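First up is the structure itself, then whatever we jot down about it.
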Amino acid sequence: MKEKVYYTIIVMLLTLSGCSTQKDPAELFEEYKSGVVLITNQYYFRMKMPNNNYTYFSGLDNNGNINFNTDYTELTKATISGTGFFIDKNGSIMTNRHVASPTIDKTEVKNQLNNLLDAFKAYYNEQLVSLQTQYSELEEQKKACIYYDYNDENYYIDEYKLNQIKEQQAEIQTNYNSIQESRDQIMDGNISLDELKIETVSKLGISYNDTYVSEMYDLLEKNPCVVTKTSEKEDIDLAIIQLKNKKTPEDASIFSIEAENEEGTFDKILSSFDKNKHEFLQIEQELFMIGYNAGITLSNTKQGIKVQMTSGKVTQIPDGQRIMYSIPTFQGSSGSPIIDRYGKLQAVNYAKFSEDTNFNFGIPLNKIKAFMKEQ
């Protein structure tokens with residue numbers, strides 16, 4: 001009964017505030033498409049080792065291996081695409097954390113790094129043993145350089161051959177010392193998770209609907225961005241990036257996160273309802289997603305970058321943690337806004353249940369609002 005009263009009040013307030021007018025998909029798309037952007041992130045990971053040296057890597061390769069490198073300029077950097085949308089006039093764009101600041105499983109890094117360190121140690125130890133053997137063999141050959149002449153009963157030394165052997169031994173000793181130094185600089189393969197300090201180094205850029213892209217420069221350099229905020233809560237996959245010029249284009253639509261009402265009553269009612277019902281979405285209610293499914297692969301047309309709008313229905317009663325819907329998604333749609341028939345932001349798309357289903361998940365408005373209030 002209490003929930004019905006809340007719902008009635010909200011419907012009345014929506015009507016009075018002029019927000020109850022439903023729009024058809026074409027109207028929604030036309031109104032909001034300019035505020036949705038394609039995000040491109042070219043990134044790599046930088047890891048400070050316990051000995052204060054750095055190593056770099058771009059993530060897992062096709063075989064599930066990490067290729068560590070001491071020179072980041074030699075890395076083939078990873079690239080990820082996603083979707084974002086403007087939330088203010090200062091160039092702030094909301095998206096997913098995994099789009100703005102990708103991470104990697106530290107346990108996987110630790111295991112592969114320790115295995116690599118052990119392998120290097122073993123390799124260097126084998127090299128040292130081999131050099132020791134070569135040195136000993138040459139030492140034996142020295143004996144042949146001294147011989148006894150029974151005719152005149154004197155000892156003679158083959159100085160030429162002896163010097164050759166000494167030169168070879170000196171070279172071996174130099175190599176031995178160099179390899180030993182390299183081996184000693186390698187830590188034992190027992191680095192713990194706490195010792196791993198991994199930082200994501202990103203170059204972020206956005207592209208607008210109806211603009212042209214021909215190369216990576218267009219994606220990363222024309223409209224560069226920086227990460228300004230990421231959620232510290234593991235289950236809240238949200239982040240905010242910002243244009244470096246801090247200016248949202250004049251013609252770009254801005255998605256409202258906080259309910260707008262001069263007296264504040266509407267906000268209070270919504271806040272109260274959030275705590276009891278986690279917004280007023282209903283089962284089978286139609287929702288729309290505006291985003292860049294498959295990133296540049298699908299959005300790049302002969303007429304420039306084109307954002308897409310897809311629709312589906314609420315497939316599970318929201319629990320305040322996530323919204324499940326049947327909107328089709330692909331990689332690249334992460335961070336897309338999910339809106340209802342009124343154009344109200346209801347969620348941020350973030351996850352897919354499985355590749356062969358259309359059960360997908362969004363972060364609900366109550367969690368988005370809580371994220372915005374985080375310091």
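Naming works like this for the structure tokens: A, B, ... for the chains as they're shown, residue 1 at the start of each chain, ligands 1 onward in shown order.
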Requested in this report: From a DSSP calculation on the backbone, collect every residue of region 109-267 of chain A in strand (DSSP E) and output the set as a VMD selection string.
Outcome: chain A and resid 146 to 149 154 to 157 197 to 208 224 to 230 239 to 243
Contacts between region 192-209 of chain A and region 73-179 of chain A, please, where a residue of region 73-179 of chain A counts if it comes within 7 Å (with only C-alpha atoms); show its shortest atom pair and distance in Å to one decimal, rows by chain and ascending number, as JSON lines.
```
{"residue": "A:Ser101", "atom": "CA", "partner": "A:Thr200", "partner_atom": "CA", "distance": 6.5}
{"residue": "A:Pro102", "atom": "CA", "partner": "A:Thr200", "partner_atom": "CA", "distance": 6.9}
{"residue": "A:Thr103", "atom": "CA", "partner": "A:Thr200", "partner_atom": "CA", "distance": 7.0}
{"residue": "A:Lys106", "atom": "CA", "partner": "A:Leu193", "partner_atom": "CA", "distance": 6.7}
{"residue": "A:Thr107", "atom": "CA", "partner": "A:Leu193", "partner_atom": "CA", "distance": 6.8}
{"residue": "A:Lys110", "atom": "CA", "partner": "A:Leu193", "partner_atom": "CA", "distance": 6.5}
```
**Report entry** Neighbour list for Ile254 (chain A) as number ranges by chain, cut-off 12 Å, only C-alpha atoms, skip fewer than 4 positions in-chain
**Finding:** A: 31-37, 84-94, 248-250, 258, 337, 343-345
Query raised in the report: Counting only C-alpha atoms, what is within 10 Å of Gln127 (chain A), bar same-chain residues fewer than 6 positions away, as number ranges by chain?
Result: A: 121, 133, 175-176, 179-180
Query raised in the report: Contacts of Leu113 (chain A) at 9 Å or less, counting only C-alpha atoms, minus same-chain residues fewer than 4 places along, as a list in words?
Result: Ile66, Phe68, Glu108, Val109, Leu117, Asp118, Gly189 and Ile191 of chain A
Query raised in the report: Closest to Ser299 (chain A) among A:Pro50, A:Gly332, A:Gly64, A:Gly362, using only C-alpha atoms?
Result: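 Between A:Pro50, A:Gly332, A:Gly64, A:Gly362, the residue approaching Ser299 (chain A) most closely is A:Gly332.
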Query raised in the report: CA of Gly320 (chain A) and CA of Asn366 (chain A), how far apart in Å?
Result: 7.0 Å
Requested in this report: Report the distance between CA of Lys23 (chain A) and CA of Arg322 (chain A) in Å, rounded to one decimal place.
Outcome: 24.8 Å
Report summary line: Atom pair CA of Val307 (chain A) + CA of Pro25 (chain A), distance 13.9 Å
Requested in this report: Name the residues in contact with region 157-170 of chain A at a cut-off of 10 Å, using only C-alpha atoms, excluding same-chain residues fewer than 6 positions from it; report them as a list in words.
Outcome: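 Answer for this query is Leu131, Gln132, Gln134, Tyr135, Ser136, Glu137, Leu138, Glu139, Gln141, Lys142, Lys143, Ala144, Cys145, Ile146, Tyr147, Tyr148 and Tyr176 of chain A.
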Query raised in the report: Could you pull out the alpha helix (DSSP H) residues of region 158-268 of chain A from DSSP and send them as a VMD selection string?
Result: chain A and resid 159 to 185 216 to 220 265 to 268
